[in-house]
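Coordinates from data_6.cif are shown below (mmCIF, C-alpha atoms and all ligand atoms).
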data_structure
#
loop_
_atom_site.label_atom_id
_atom_site.label_comp_id
_atom_site.auth_asym_id
_atom_site.auth_seq_id
_atom_site.Cartn_x
_atom_site.Cartn_y
_atom_site.Cartn_z
CA MET M 146 134.03 126.95 128.79
CA SER M 147 134.34 128.95 132.05
CA SER M 148 133.75 127.00 135.32
CA THR M 149 130.25 126.54 136.72
CA LYS M 150 128.84 129.39 138.78
CA ARG M 151 126.43 128.49 141.57
CA ILE M 152 124.37 131.60 142.15
CA VAL M 153 122.23 131.94 145.27
CA VAL M 154 119.57 134.66 145.11
CA THR M 155 118.51 135.73 148.59
CA GLY M 156 115.02 137.22 148.49
CA GLY M 157 114.41 135.10 145.40
CA SER M 158 110.66 134.85 146.03
CA GLY M 159 110.10 138.61 145.82
CA LEU M 160 109.36 141.10 143.04
CA VAL M 161 112.95 141.34 141.77
CA GLY M 162 113.87 137.71 142.41
CA LYS M 163 110.86 136.44 140.46
CA ALA M 164 111.77 138.78 137.59
CA ILE M 165 115.30 137.35 137.42
CA ALA M 166 113.87 133.81 137.34
CA LYS M 167 111.49 134.86 134.55
CA VAL M 168 114.22 136.44 132.41
CA LEU M 169 116.39 133.31 132.82
CA GLU M 170 113.64 131.29 131.11
CA ASP M 171 114.63 133.11 127.90
CA PRO M 172 117.45 131.22 126.10
CA GLU M 173 118.97 134.61 125.18
CA TYR M 174 119.72 135.24 128.88
CA LYS M 175 120.32 131.71 130.14
CA ARG M 176 123.93 130.40 130.49
CA ASP M 177 124.80 126.67 130.58
CA ASN M 178 127.57 127.23 133.14
CA GLU M 179 125.23 128.82 135.70
CA GLU M 180 123.21 127.01 138.36
CA TRP M 181 120.60 129.23 140.05
CA ILE M 182 119.08 128.80 143.55
CA PHE M 183 116.26 131.17 144.56
CA LEU M 184 115.69 131.44 148.33
CA SER M 185 112.73 132.68 150.35
CA SER M 186 112.45 133.22 154.11
CA LYS M 187 111.08 129.66 154.34
CA ASP M 188 114.54 128.34 153.38
CA ALA M 189 116.25 130.44 156.07
CA ASP M 190 115.50 133.44 158.24
CA LEU M 191 118.54 135.50 157.23
CA ARG M 192 118.38 137.47 160.49
CA ASN M 193 119.65 134.28 162.16
CA PRO M 194 123.39 133.64 161.49
CA VAL M 195 123.04 129.91 162.23
CA GLU M 196 120.35 129.54 159.57
CA VAL M 197 122.42 131.59 157.12
CA LYS M 198 125.48 129.37 157.62
CA ALA M 199 123.33 126.23 157.20
CA ILE M 200 121.80 127.40 153.90
CA PHE M 201 125.22 128.47 152.57
CA ASP M 202 126.70 125.08 153.58
CA LYS M 203 123.79 123.40 151.78
CA HIS M 204 124.09 125.31 148.50
CA LYS M 205 127.80 126.31 148.53
CA PRO M 206 127.29 129.42 146.37
CA THR M 207 130.16 130.83 144.32
CA HIS M 208 128.13 134.00 143.71
CA VAL M 209 125.31 135.69 145.65
CA ILE M 210 122.69 138.14 144.45
CA HIS M 211 121.53 139.57 147.75
CA LEU M 212 117.95 140.88 147.41
CA ALA M 213 116.46 139.74 150.75
CA ALA M 214 115.31 142.66 152.87
CA MET M 215 112.43 144.06 154.82
CA VAL M 216 110.97 146.16 151.98
CA GLY M 217 107.97 148.44 151.88
CA GLY M 218 106.43 151.61 150.60
CA LEU M 219 106.42 155.06 152.16
CA PHE M 220 103.74 154.40 154.77
CA HIS M 221 105.22 151.09 155.94
CA ASN M 222 108.62 152.75 156.34
CA MET M 223 107.13 155.69 158.27
CA ALA M 224 105.41 153.30 160.67
CA LYS M 225 108.32 150.89 161.28
CA ASN M 226 111.66 152.68 160.87
CA LEU M 227 113.32 150.76 163.74
CA ASP M 228 112.21 147.38 162.35
CA PHE M 229 113.46 148.33 158.87
CA LEU M 230 116.80 149.33 160.43
CA ARG M 231 117.35 146.29 162.65
CA ASN M 232 115.99 143.58 160.35
CA ASN M 233 118.01 144.81 157.39
CA LEU M 234 121.19 145.33 159.43
CA LEU M 235 120.96 141.73 160.67
CA ILE M 236 120.18 140.28 157.23
CA ASN M 237 122.91 142.25 155.48
CA ASP M 238 125.69 141.52 158.01
CA ASN M 239 124.84 137.82 158.09
CA VAL M 240 124.76 137.46 154.30
CA LEU M 241 127.96 139.45 153.71
CA ASN M 242 129.88 137.85 156.60
CA THR M 243 128.79 134.31 155.69
CA SER M 244 129.64 134.97 152.03
CA PHE M 245 133.14 136.02 153.11
CA GLU M 246 133.58 133.12 155.54
CA THR M 247 132.49 130.54 152.92
CA GLY M 248 134.59 132.00 150.10
CA VAL M 249 131.86 133.44 147.88
CA ILE M 250 133.65 135.10 144.93
CA LYS M 251 131.14 137.91 144.23
CA VAL M 252 128.16 139.37 146.11
CA ILE M 253 125.81 141.86 144.49
CA SER M 254 123.67 143.64 147.09
CA CYS M 255 120.80 146.01 146.52
CA LEU M 256 120.54 149.62 147.70
CA SER M 257 117.86 152.08 146.51
CA THR M 258 117.68 155.64 145.14
CA CYS M 259 115.52 156.51 148.18
CA ILE M 260 118.53 156.23 150.54
CA PHE M 261 120.36 159.29 149.19
CA PRO M 262 120.55 162.58 151.17
CA ASP M 263 117.22 164.39 151.36
CA LYS M 264 118.87 167.79 150.89
CA THR M 265 120.89 167.31 147.71
CA SER M 266 121.62 168.64 144.26
CA TYR M 267 120.17 166.82 141.26
CA PRO M 268 120.62 164.55 139.53
CA ILE M 269 121.82 162.22 142.27
CA ASP M 270 124.83 160.07 141.38
CA GLU M 271 126.71 157.16 142.98
CA THR M 272 129.22 159.44 144.74
CA MET M 273 126.56 161.13 146.89
CA ILE M 274 125.28 158.27 149.09
CA HIS M 275 126.81 159.49 152.38
CA ASN M 276 126.64 163.27 151.82
CA GLY M 277 123.90 163.97 154.33
CA PRO M 278 120.94 162.50 156.21
CA PRO M 279 118.25 160.62 154.27
CA HIS M 280 114.60 161.66 154.19
CA ASP M 281 112.99 161.26 157.64
CA SER M 282 110.28 158.92 156.31
CA ASN M 283 112.66 155.99 155.78
CA PHE M 284 115.80 156.70 157.83
CA GLY M 285 115.87 153.14 159.18
CA TYR M 286 115.88 151.42 155.79
CA SER M 287 118.25 154.06 154.37
CA TYR M 288 120.97 153.72 157.03
CA ALA M 289 120.83 149.93 156.88
CA LYS M 290 121.25 150.05 153.10
CA ARG M 291 124.02 152.67 153.24
CA LEU M 292 126.00 150.40 155.56
CA ILE M 293 126.09 147.75 152.83
CA ASP M 294 128.22 150.19 150.81
CA VAL M 295 130.49 150.69 153.85
CA GLN M 296 130.71 146.92 154.43
CA ASN M 297 131.60 146.33 150.77
CA ARG M 298 134.44 148.82 151.11
CA GLY M 299 135.66 146.98 154.21
CA TYR M 300 135.60 143.56 152.53
CA PHE M 301 137.59 145.01 149.63
CA GLU M 302 140.17 147.00 151.62
CA GLN M 303 140.79 144.34 154.29
CA HIS M 304 140.26 141.16 152.25
CA GLY M 305 140.37 142.16 148.59
CA LYS M 306 136.79 140.93 148.07
CA LYS M 307 134.87 142.32 145.10
CA TYR M 308 131.52 142.66 146.84
CA THR M 309 129.43 145.34 145.13
CA ALA M 310 125.92 146.82 145.03
CA VAL M 311 123.36 148.15 142.60
CA ILE M 312 121.09 151.14 143.29
CA PRO M 313 117.70 150.74 141.58
CA CYS M 314 115.12 153.50 141.37
CA ASN M 315 111.51 152.48 142.27
CA VAL M 316 110.77 149.01 140.93
CA PHE M 317 107.41 147.55 139.89
CA GLY M 318 106.11 144.57 137.94
CA PRO M 319 104.46 141.14 138.22
CA TRP M 320 104.79 139.27 141.57
CA ASP M 321 104.92 142.59 143.45
CA ASN M 322 103.70 143.07 147.02
CA TYR M 323 100.10 144.38 146.65
CA ASN M 324 99.35 144.88 150.35
CA LEU M 325 97.11 147.96 150.57
CA LYS M 326 98.87 149.35 153.67
CA ASP M 327 102.54 148.41 153.24
CA SER M 328 103.16 148.22 149.50
CA HIS M 329 104.82 150.65 147.11
CA VAL M 330 102.66 153.08 145.17
CA ILE M 331 102.18 151.21 141.87
CA PRO M 332 101.09 147.82 143.29
CA GLY M 333 99.10 149.64 145.99
CA LEU M 334 97.13 151.65 143.44
CA ILE M 335 96.64 148.65 141.12
CA HIS M 336 95.09 146.71 144.00
CA LYS M 337 93.12 149.70 145.34
CA PHE M 338 91.62 150.65 141.96
CA TYR M 339 90.88 146.98 141.14
CA LEU M 340 88.76 146.73 144.31
CA ALA M 341 87.20 150.21 143.83
CA LYS M 342 86.10 149.28 140.31
CA LYS M 343 84.46 146.09 141.61
CA CYS M 344 82.54 148.03 144.30
CA GLY M 345 81.83 151.16 142.22
CA ASP M 346 83.89 153.30 144.63
CA VAL M 347 86.06 156.30 143.75
CA GLY M 348 89.81 155.66 143.48
CA THR M 349 91.87 157.36 146.21
CA VAL M 350 95.42 158.49 145.54
CA MET M 351 97.27 159.37 148.76
CA GLY M 352 99.07 162.71 149.04
CA THR M 353 99.01 165.52 146.50
CA GLY M 354 100.01 163.32 143.54
CA LYS M 355 102.76 165.87 142.80
CA PRO M 356 105.91 163.93 143.86
CA LEU M 357 108.11 162.71 141.04
CA ARG M 358 109.54 159.22 140.63
CA GLN M 359 111.59 157.17 138.19
CA PHE M 360 110.10 153.68 137.83
CA ILE M 361 111.98 150.70 136.41
CA TYR M 362 110.13 147.62 135.19
CA SER M 363 111.27 144.57 137.22
CA LEU M 364 112.02 142.55 134.07
CA ASP M 365 114.36 145.29 132.81
CA LEU M 366 116.09 145.43 136.20
CA ALA M 367 116.48 141.65 136.09
CA LYS M 368 118.36 141.88 132.78
CA LEU M 369 120.65 144.52 134.30
CA PHE M 370 121.31 142.28 137.32
CA LEU M 371 122.50 139.53 134.95
CA TRP M 372 124.84 142.02 133.29
CA VAL M 373 126.20 143.15 136.71
CA LEU M 374 126.77 139.51 137.70
CA ARG M 375 128.62 138.66 134.51
CA ASP M 376 130.35 141.88 133.42
CA TYR M 377 130.44 144.58 136.11
CA ASP M 378 133.73 144.42 138.00
CA GLU M 379 133.73 147.46 140.33
CA VAL M 380 133.21 147.49 144.10
CA ALA M 381 131.68 150.98 143.75
CA PRO M 382 127.89 150.80 143.41
CA ILE M 383 126.04 151.53 140.17
CA ILE M 384 122.64 153.19 139.76
CA LEU M 385 120.20 151.09 137.71
CA SER M 386 117.50 153.57 136.76
CA VAL M 387 115.54 154.77 133.76
CA ASP M 388 116.64 158.10 132.28
CA GLU M 389 116.00 161.37 134.11
CA LYS M 390 113.61 162.39 131.33
CA ASP M 391 111.39 159.41 132.19
CA GLU M 392 110.59 160.77 135.65
CA VAL M 393 106.79 160.98 136.16
CA SER M 394 104.40 162.36 138.78
CA ILE M 395 102.45 160.06 141.10
CA LYS M 396 99.21 161.45 139.63
CA ALA M 397 100.34 160.60 136.07
CA VAL M 398 101.12 157.02 137.06
CA ALA M 399 97.77 156.77 138.91
CA ASP M 400 95.98 157.87 135.73
CA LEU M 401 97.89 155.25 133.71
CA ILE M 402 96.87 152.50 136.16
CA ALA M 403 93.21 153.61 136.16
CA THR M 404 93.11 153.68 132.35
CA ASN M 405 94.59 150.17 132.10
CA LEU M 406 92.02 148.87 134.58
CA GLY M 407 89.18 150.49 132.65
CA PHE M 408 88.42 152.39 135.84
CA GLU M 409 86.22 155.35 134.93
CA GLN M 410 85.46 156.85 138.33
CA PRO M 411 87.24 160.13 139.15
CA LEU M 412 90.48 159.82 141.14
CA LYS M 413 90.39 161.51 144.54
CA LEU M 414 93.58 162.96 146.06
CA ASP M 415 93.73 162.49 149.84
CA GLU M 416 96.03 165.38 150.76
CA THR M 417 95.83 164.48 154.45
CA LYS M 418 98.28 161.65 153.67
CA ALA M 419 102.06 162.14 153.35
CA ASP M 420 103.85 162.76 150.05
CA GLY M 421 107.21 161.49 151.26
CA GLN M 422 110.23 162.65 149.25
CA TYR M 423 109.21 165.17 146.58
CA LYS M 424 111.79 163.72 144.18
CA LYS M 425 114.97 161.61 144.10
CA THR M 426 116.03 162.17 140.52
CA ALA M 427 118.95 159.86 139.80
CA SER M 428 121.46 159.90 136.96
CA ASN M 429 122.07 156.66 135.06
CA ALA M 430 125.10 158.16 133.28
CA LYS M 431 127.44 155.51 134.74
CA LEU M 432 125.17 152.71 133.46
CA ARG M 433 124.87 154.43 130.08
CA GLN M 434 128.68 154.49 129.81
CA TYR M 435 128.68 150.71 130.08
CA LEU M 436 125.42 150.00 128.23
CA PRO M 437 124.66 152.99 125.98
CA ASP M 438 122.05 151.07 123.99
CA PHE M 439 120.11 149.35 126.80
CA LYS M 440 116.41 149.70 126.04
CA PHE M 441 114.02 150.22 128.97
CA THR M 442 110.42 149.05 128.52
CA PRO M 443 108.23 152.16 128.01
CA LEU M 444 106.29 152.91 131.23
CA GLU M 445 102.90 152.63 129.49
CA GLU M 446 103.74 149.11 128.24
CA ALA M 447 105.17 147.99 131.60
CA ILE M 448 102.17 149.30 133.54
CA ALA M 449 99.79 147.56 131.09
CA GLU M 450 101.64 144.24 131.56
CA SER M 451 101.71 144.66 135.36
CA VAL M 452 97.99 145.47 135.58
CA SER M 453 97.02 142.49 133.43
CA TRP M 454 99.30 140.18 135.43
CA PHE M 455 97.54 141.28 138.65
CA VAL M 456 94.03 140.85 137.20
CA GLN M 457 94.93 137.37 135.86
CA ASN M 458 96.71 136.31 139.08
CA TYR M 459 94.58 138.06 141.70
CA ASP M 460 94.14 134.94 143.83
CA LYS M 461 97.86 134.16 144.12
CA ALA M 462 99.20 137.75 144.28
CA ARG M 463 100.84 138.79 147.60
CA LYS M 464 98.25 141.10 149.20
P1 LIG M 501 110.03 141.96 148.14
O1 LIG M 501 109.18 141.69 146.96
O2 LIG M 501 109.44 142.53 149.37
O3 LIG M 501 110.79 140.59 148.52
C1 LIG M 501 111.60 140.58 149.68
C2 LIG M 501 112.32 139.26 149.69
O4 LIG M 501 113.16 139.20 150.84
C3 LIG M 501 111.36 138.07 149.73
O5 LIG M 501 111.88 137.02 148.97
C4 LIG M 501 111.38 137.73 151.21
O6 LIG M 501 111.07 136.36 151.47
C5 LIG M 501 112.82 138.02 151.55
N1 LIG M 501 113.01 138.23 152.98
C6 LIG M 501 112.51 139.23 153.72
N2 LIG M 501 112.89 139.08 155.00
C7 LIG M 501 113.64 137.93 155.06
C8 LIG M 501 114.32 137.24 156.08
N3 LIG M 501 114.30 137.67 157.36
N4 LIG M 501 114.99 136.11 155.78
C9 LIG M 501 115.01 135.66 154.50
N5 LIG M 501 114.41 136.28 153.46
C10 LIG M 501 113.72 137.40 153.76
O7 LIG M 501 111.25 142.91 147.75
P2 LIG M 501 111.75 143.41 146.32
O8 LIG M 501 110.91 144.57 145.92
O9 LIG M 501 111.91 142.23 145.41
O10 LIG M 501 113.19 143.99 146.70
C11 LIG M 501 114.34 143.24 146.43
C12 LIG M 501 115.52 144.14 146.76
O11 LIG M 501 115.46 145.32 145.96
C13 LIG M 501 115.54 144.61 148.21
O12 LIG M 501 116.86 144.56 148.71
C14 LIG M 501 115.04 146.05 148.14
O13 LIG M 501 115.58 146.84 149.19
C15 LIG M 501 115.57 146.47 146.80
N6 LIG M 501 114.83 147.58 146.16
C16 LIG M 501 113.50 147.46 145.92
C17 LIG M 501 112.82 148.54 145.32
C18 LIG M 501 111.33 148.47 145.01
O14 LIG M 501 110.77 149.49 144.61
N7 LIG M 501 110.66 147.33 145.18
C19 LIG M 501 113.51 149.71 144.97
C20 LIG M 501 114.88 149.76 145.23
C21 LIG M 501 115.54 148.69 145.83
P3 LIG M 501 109.52 135.90 151.63
O15 LIG M 501 108.94 135.88 150.26
O16 LIG M 501 109.62 134.52 152.24
O17 LIG M 501 108.86 136.91 152.54
O1 LIG M 502 106.32 153.67 146.37
P1 LIG M 502 106.11 154.60 147.50
O2 LIG M 502 105.26 154.13 148.63
O3 LIG M 502 107.47 155.00 148.16
O4 LIG M 502 105.49 155.95 146.88
P2 LIG M 502 108.53 156.16 147.90
C1 LIG M 502 104.98 156.90 147.76
C2 LIG M 502 104.39 158.07 146.98
O5 LIG M 502 103.18 157.63 146.31
C3 LIG M 502 103.98 159.16 147.95
C4 LIG M 502 102.06 158.31 146.90
O6 LIG M 502 104.03 160.40 147.30
C5 LIG M 502 102.56 158.75 148.28
O7 LIG M 502 101.77 159.86 148.74
N1 LIG M 502 100.92 157.38 146.98
C6 LIG M 502 99.67 157.64 146.52
C7 LIG M 502 100.93 156.15 147.51
N2 LIG M 502 98.86 156.61 146.77
C8 LIG M 502 99.62 155.65 147.38
C9 LIG M 502 99.34 154.35 147.86
O8 LIG M 502 98.20 153.85 147.78
N3 LIG M 502 100.37 153.65 148.41
C10 LIG M 502 101.63 154.18 148.50
N4 LIG M 502 102.61 153.43 149.03
N5 LIG M 502 101.94 155.44 148.07
C11 LIG M 502 110.02 154.39 149.08
C12 LIG M 502 110.86 154.25 150.33
O9 LIG M 502 109.68 155.75 148.92
O10 LIG M 502 110.75 154.01 147.93
C13 LIG M 502 111.28 152.83 150.49
O11 LIG M 502 110.12 154.67 151.48
C14 LIG M 502 111.72 152.18 149.19
O12 LIG M 502 112.31 152.79 151.46
C15 LIG M 502 110.97 152.63 147.96
O13 LIG M 502 113.08 152.35 148.99
C16 LIG M 502 111.68 152.25 146.69
O14 LIG M 502 109.04 156.11 146.52
O15 LIG M 502 107.99 157.45 148.40
#

Using the file provided, produce a representation of the structure as structure tokens.
Ligand code: NAP
Ligand code: GFB
Amino acid sequence: MSSTKRIVVTGGSGLVGKAIAKVLEDPEYKRDNEEWIFLSSKDADLRNPVEVKAIFDKHKPTHVIHLAAMVGGLFHNMAKNLDFLRNNLLINDNVLNTSFETGVIKVISCLSTCIFPDKTSYPIDETMIHNGPPHDSNFGYSYAKRLIDVQNRGYFEQHGKKYTAVIPCNVFGPWDNYNLKDSHVIPGLIHKFYLAKKCGDVGTVMGTGKPLRQFIYSLDLAKLFLWVLRDYDEVAPIILSVDEKDEVSIKAVADLIATNLGFEQPLKLDETKADGQYKKTASNAKLRQYLPDFKFTPLEEAIAESVSWFVQNYDKARK
């Protein structure tokens, strides 16, 4: 039997971290030679190198899944680009440098399909990360995330370390961040329509509803993270996204959410609000080469599960 892996998940209390913990409850995905430690900011503020070293000394990870980040939707990014840049630069350099200094064998960091060049050909693929400036709305987050890819290259070229990264499209699911101002679109609309239904208000969708997105269910992404941990051996990043054909408009996803909430009021489009990137269509061809038969949860099913999780867990959901 291969030696025990001690896997620390930074950002373990968030949307993606909670999904990994959930998937590991399934005997099909659990491994006896793996010990998992899920961290939140209460365990250590990863912007502080002293706290990072202390938590690494405590847990002595052999592997790290690095999810911790300042994360938010379009409007949070637009309002706080400098904070997104600085906080994520600090977190990422501390986690990567401490991983190297303490002999962590493998680190899997997390980029995003929203960090690619704004002016680009489609579909986007892994080779295009640095081919031009990102969309203005989230330049801070984007440059911080792009530097992870540069850092990984440095740790490989100078020290032979196999530190890599995944590039998810937009993620949603249970345990999301439902804050009405700062969240991503799906949790934001779930929360907004839930409240509107209770008060008999109309449901407001911000922007034109025309932008296109690929959405991956957090539980599917979690399964792909386990595969990357166990079987993906490249330093080069890999896009973890649903197929291009599964790209949907914001309005279509808003309608799906309203239907699942039994919300009958008409949806209002507030076109005074920003649309952000019109699209960021990503290719998952590299993933499909490795996992040609991976089955993504159909969007309708994933949205239905996410809406019912929120309704059943309203009191404890992050809002
Ligand atoms: P999330 O739900 O906002 O969770 C963020 C996590 O990071 C939480 O566990 C949080 O801890 C932790 N964290 C934040 N600041 C910290 C700090 N200073 N020190 C220690 N921990 C800190 O985020 P998510 O959606 O799961 O995202 C996980 C990863 O996926 C991120 O790297 C994100 O960039 C990436 N990603 C997300 C999406 C998406 O649509 N959600 C898309 C592409 C990529 P607390 O719980 O204590 O606050
Ligand atoms: O998930 P989201 O906020 O971020 O989606 P992005 C924004 C799109 O949804 C825009 C529309 O077209 C918004 O006009 N929208 C409609 C709403 N109603 C709402 C609402 O109530 N809340 C929100 N948030 N949007 C992010 C990046 O871009 O993608 C982040 O800024 C991150 O850095 C994330 O990487 C994955 O998909 O536009």

Go through chain M residue by residue and, counting all atoms listed in the file, keep those with an atom at most 8 Å from ligand LIG 502 (chain M); for each kept residue give the shortest atom pair and its distance in Å to one decimal, ordered by chain and increasing number, as a tab-separated table.
residue	atom	partner	partner_atom	distance
M:Val216	CA	M:LIG502	C14	6.7
M:Gly217	CA	M:LIG502	C13	5.7
M:Gly218	CA	M:LIG502	O2	3.4
M:Leu219	CA	M:LIG502	O11	3.8
M:Phe220	CA	M:LIG502	N4	5.9
M:His221	CA	M:LIG502	O11	7.5
M:Asn222	CA	M:LIG502	O11	5.4
M:Met223	CA	M:LIG502	O11	7.5
M:Ser257	CA	M:LIG502	O13	5.4
M:Thr258	CA	M:LIG502	O13	6.8
M:Cys259	CA	M:LIG502	O13	4.9
M:Ile260	CA	M:LIG502	O13	6.9
M:Ser282	CA	M:LIG502	O11	6.4
M:Asn283	CA	M:LIG502	O11	5.2
M:Tyr286	CA	M:LIG502	O12	5.8
M:Ser287	CA	M:LIG502	O12	6.7
M:Cys314	CA	M:LIG502	C16	6.5
M:Asn315	CA	M:LIG502	C16	4.4
M:Val316	CA	M:LIG502	C16	6.7
M:Leu325	CA	M:LIG502	O8	6.6
M:Lys326	CA	M:LIG502	N3	7.0
M:Asp327	CA	M:LIG502	N4	6.6
M:Ser328	CA	M:LIG502	N4	5.3
M:His329	CA	M:LIG502	O1	3.5
M:Val330	CA	M:LIG502	C10	3.7
M:Ile331	CA	M:LIG502	O1	6.6
M:Pro332	CA	M:LIG502	N3	7.8
M:Gly333	CA	M:LIG502	O8	4.7
M:Leu334	CA	M:LIG502	O8	5.0
M:Lys337	CA	M:LIG502	O8	7.0
M:Thr349	CA	M:LIG502	N2	7.1
M:Val350	CA	M:LIG502	N2	4.1
M:Met351	CA	M:LIG502	C6	3.7
M:Gly352	CA	M:LIG502	O7	3.9
M:Thr353	CA	M:LIG502	O7	6.7
M:Gly354	CA	M:LIG502	O6	6.2
M:Lys355	CA	M:LIG502	O6	7.2
M:Pro356	CA	M:LIG502	O6	5.3
M:Leu357	CA	M:LIG502	O6	7.8
M:Arg358	CA	M:LIG502	O14	6.7
M:Ile395	CA	M:LIG502	O5	5.8
M:Lys396	CA	M:LIG502	C6	7.9
M:Ala399	CA	M:LIG502	C6	7.9
M:Lys418	CA	M:LIG502	O7	6.3
M:Ala419	CA	M:LIG502	O7	5.2
M:Asp420	CA	M:LIG502	O6	3.6
M:Gly421	CA	M:LIG502	O15	5.0
M:Gln422	CA	M:LIG502	O15	5.7
M:Tyr423	CA	M:LIG502	O6	7.1

* To do: Name all residues at most 12 Å from Thr272 in chain M (count all atoms listed in the file; drop same-chain ones fewer than 6 positions away) and give them as a PyMOL selection string.
  => chain M and resi 261-262+265-266+294+312+381-384+427-428+431

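Residues of protein, DNA or RNA lying at most 6 Å from ligand LIG 501 (chain M), when only C-alpha atoms and all ligand atoms are considered, are Gly156, Gly157, Ser158, Gly159, Leu160, Val161, Gly162, Ser185, Ser186, Lys187, Ala189, Asp190, Leu191, Arg192, Leu212, Ala213, Ala214, Met215, Val216, Cys255, Leu256, Ser257, Pro313, Cys314, Asn315, Val316, Asp321 and Asn322 of chain M.
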
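Take CA of Asn178 in chain M and CA of Leu366 in chain M: the distance between them is 21.7 Å.
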
* Show me as a ChimeraX atom specification the residues that reach within 12 Å of (121.0, 157.4, 133.3), counting all atoms listed in the file and using the file's own coordinates. => /M:268-271,312-314,359,361,383-392,426-441

Selection export as a JSON list (two decimals), keeping the file's coordinate frame, atoms kept: C-alpha atoms:
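After the write, part33.json holds the following:
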[["chain", "number", "residue", "atom", "x", "y", "z"],
["M", 268, "PRO", "CA", 120.62, 164.55, 139.53],
["M", 269, "ILE", "CA", 121.82, 162.22, 142.27],
["M", 270, "ASP", "CA", 124.83, 160.07, 141.38],
["M", 271, "GLU", "CA", 126.71, 157.16, 142.98],
["M", 312, "ILE", "CA", 121.09, 151.14, 143.29],
["M", 313, "PRO", "CA", 117.70, 150.74, 141.58],
["M", 314, "CYS", "CA", 115.12, 153.50, 141.37],
["M", 359, "GLN", "CA", 111.59, 157.17, 138.19],
["M", 361, "ILE", "CA", 111.98, 150.70, 136.41],
["M", 383, "ILE", "CA", 126.04, 151.53, 140.17],
["M", 384, "ILE", "CA", 122.64, 153.19, 139.76],
["M", 385, "LEU", "CA", 120.20, 151.09, 137.71],
["M", 386, "SER", "CA", 117.50, 153.57, 136.76],
["M", 387, "VAL", "CA", 115.54, 154.77, 133.76],
["M", 388, "ASP", "CA", 116.64, 158.10, 132.28],
["M", 389, "GLU", "CA", 116.00, 161.37, 134.11],
["M", 390, "LYS", "CA", 113.61, 162.39, 131.33],
["M", 391, "ASP", "CA", 111.39, 159.41, 132.19],
["M", 392, "GLU", "CA", 110.59, 160.77, 135.65],
["M", 426, "THR", "CA", 116.03, 162.17, 140.52],
["M", 427, "ALA", "CA", 118.95, 159.86, 139.80],
["M", 428, "SER", "CA", 121.46, 159.90, 136.96],
["M", 429, "ASN", "CA", 122.07, 156.66, 135.06],
["M", 430, "ALA", "CA", 125.10, 158.16, 133.28],
["M", 431, "LYS", "CA", 127.44, 155.51, 134.74],
["M", 432, "LEU", "CA", 125.17, 152.71, 133.46],
["M", 433, "ARG", "CA", 124.87, 154.43, 130.08],
["M", 434, "GLN", "CA", 128.68, 154.49, 129.81],
["M", 435, "TYR", "CA", 128.68, 150.71, 130.08],
["M", 436, "LEU", "CA", 125.42, 150.00, 128.23],
["M", 437, "PRO", "CA", 124.66, 152.99, 125.98],
["M", 438, "ASP", "CA", 122.05, 151.07, 123.99],
["M", 439, "PHE", "CA", 120.11, 149.35, 126.80],
["M", 440, "LYS", "CA", 116.41, 149.70, 126.04],
["M", 441, "PHE", "CA", 114.02, 150.22, 128.97]]

* Asked: Just how far from CA of Pro206 in chain M is CA of Glu246 in chain M, in Å to one decimal?
  -> 11.7 Å

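Close contacts of Ala367 in chain M, defined as residues with an atom at most 8 Å away when counting only C-alpha atoms, with chain neighbours fewer than 3 positions off set aside, comprise Val161, Gly162, Ala164, Ile165, Val168, Ser363, Leu364, Phe370 and Leu371 of chain M.
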
* To do: Tell me, in Å to one decimal, how far CA of Tyr308 in chain M is from CA of Tyr267 in chain M.
  => 27.3 Å

Tell me, as a PDB file with C-alpha atoms, keeping the file's coordinate frame, which residues lie within 9 Å of Lys198 in chain M, counting all atoms listed in the file; anything in the same chain fewer than 6 positions away does not count.
ATOM      1  CA  ASN M 239     124.840 137.820 158.090  1.00  0.00           C
ATOM      2  CA  VAL M 240     124.760 137.460 154.300  1.00  0.00           C
ATOM      3  CA  THR M 243     128.790 134.310 155.690  1.00  0.00           C
ATOM      4  CA  SER M 244     129.640 134.970 152.030  1.00  0.00           C
ATOM      5  CA  THR M 247     132.490 130.540 152.920  1.00  0.00           C
TER       6      THR M 247
END

Quick one: 3 Å padding each side, axis-aligned, all listed atoms of range 241-257 of chain M - centre and edge lengths in Å to one decimal, as lines of an AutoDock Vina configuration file?
center_x = 126.2
center_y = 141.3
center_z = 150.4
size_x = 22.7
size_y = 27.5
size_z = 18.4

* Residues near range 453-462 of chain M, cut-off 9 Å, all atoms listed in the file, skip fewer than 4 positions along chain, as a PyMOL selection string -> chain M and resi 318-323+332+335-336+339+405-406+448-449

* To do: Using all atoms listed in the file, collect all residues at a distance of at most 12 Å from (125.8, 148.0, 156.0) as written in the file, then present them as JSON, numbers by chain.
  => {"M": [230, 231, 232, 233, 234, 235, 236, 237, 238, 239, 240, 241, 242, 254, 255, 256, 285, 286, 287, 288, 289, 290, 291, 292, 293, 294, 295, 296, 297, 298, 299, 300, 309, 310]}

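Comparing M:Glu170, M:Asp378, M:Asp346, M:Asp281 by their smallest distance to Ala224 in chain M, the closest is M:Asp281 (using only C-alpha atoms).
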
* Distance query Cys344 in chain M at most 12 Å, all atoms listed in the file, self and fewer than 6 positions along chain excluded, as number ranges by chain -> M: 337-338, 408, 410

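Proximity to Ser451 in chain M was assessed for M:Arg176, M:Ser394, M:Lys368, M:Tyr362 counting only C-alpha atoms; the smallest distance is recorded for M:Tyr362.
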
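Shortest separation to Leu374 in chain M among M:Lys251, M:Lys205, M:Phe245, M:Asp228 occurs at residue M:Lys251, atoms counted being only C-alpha atoms.
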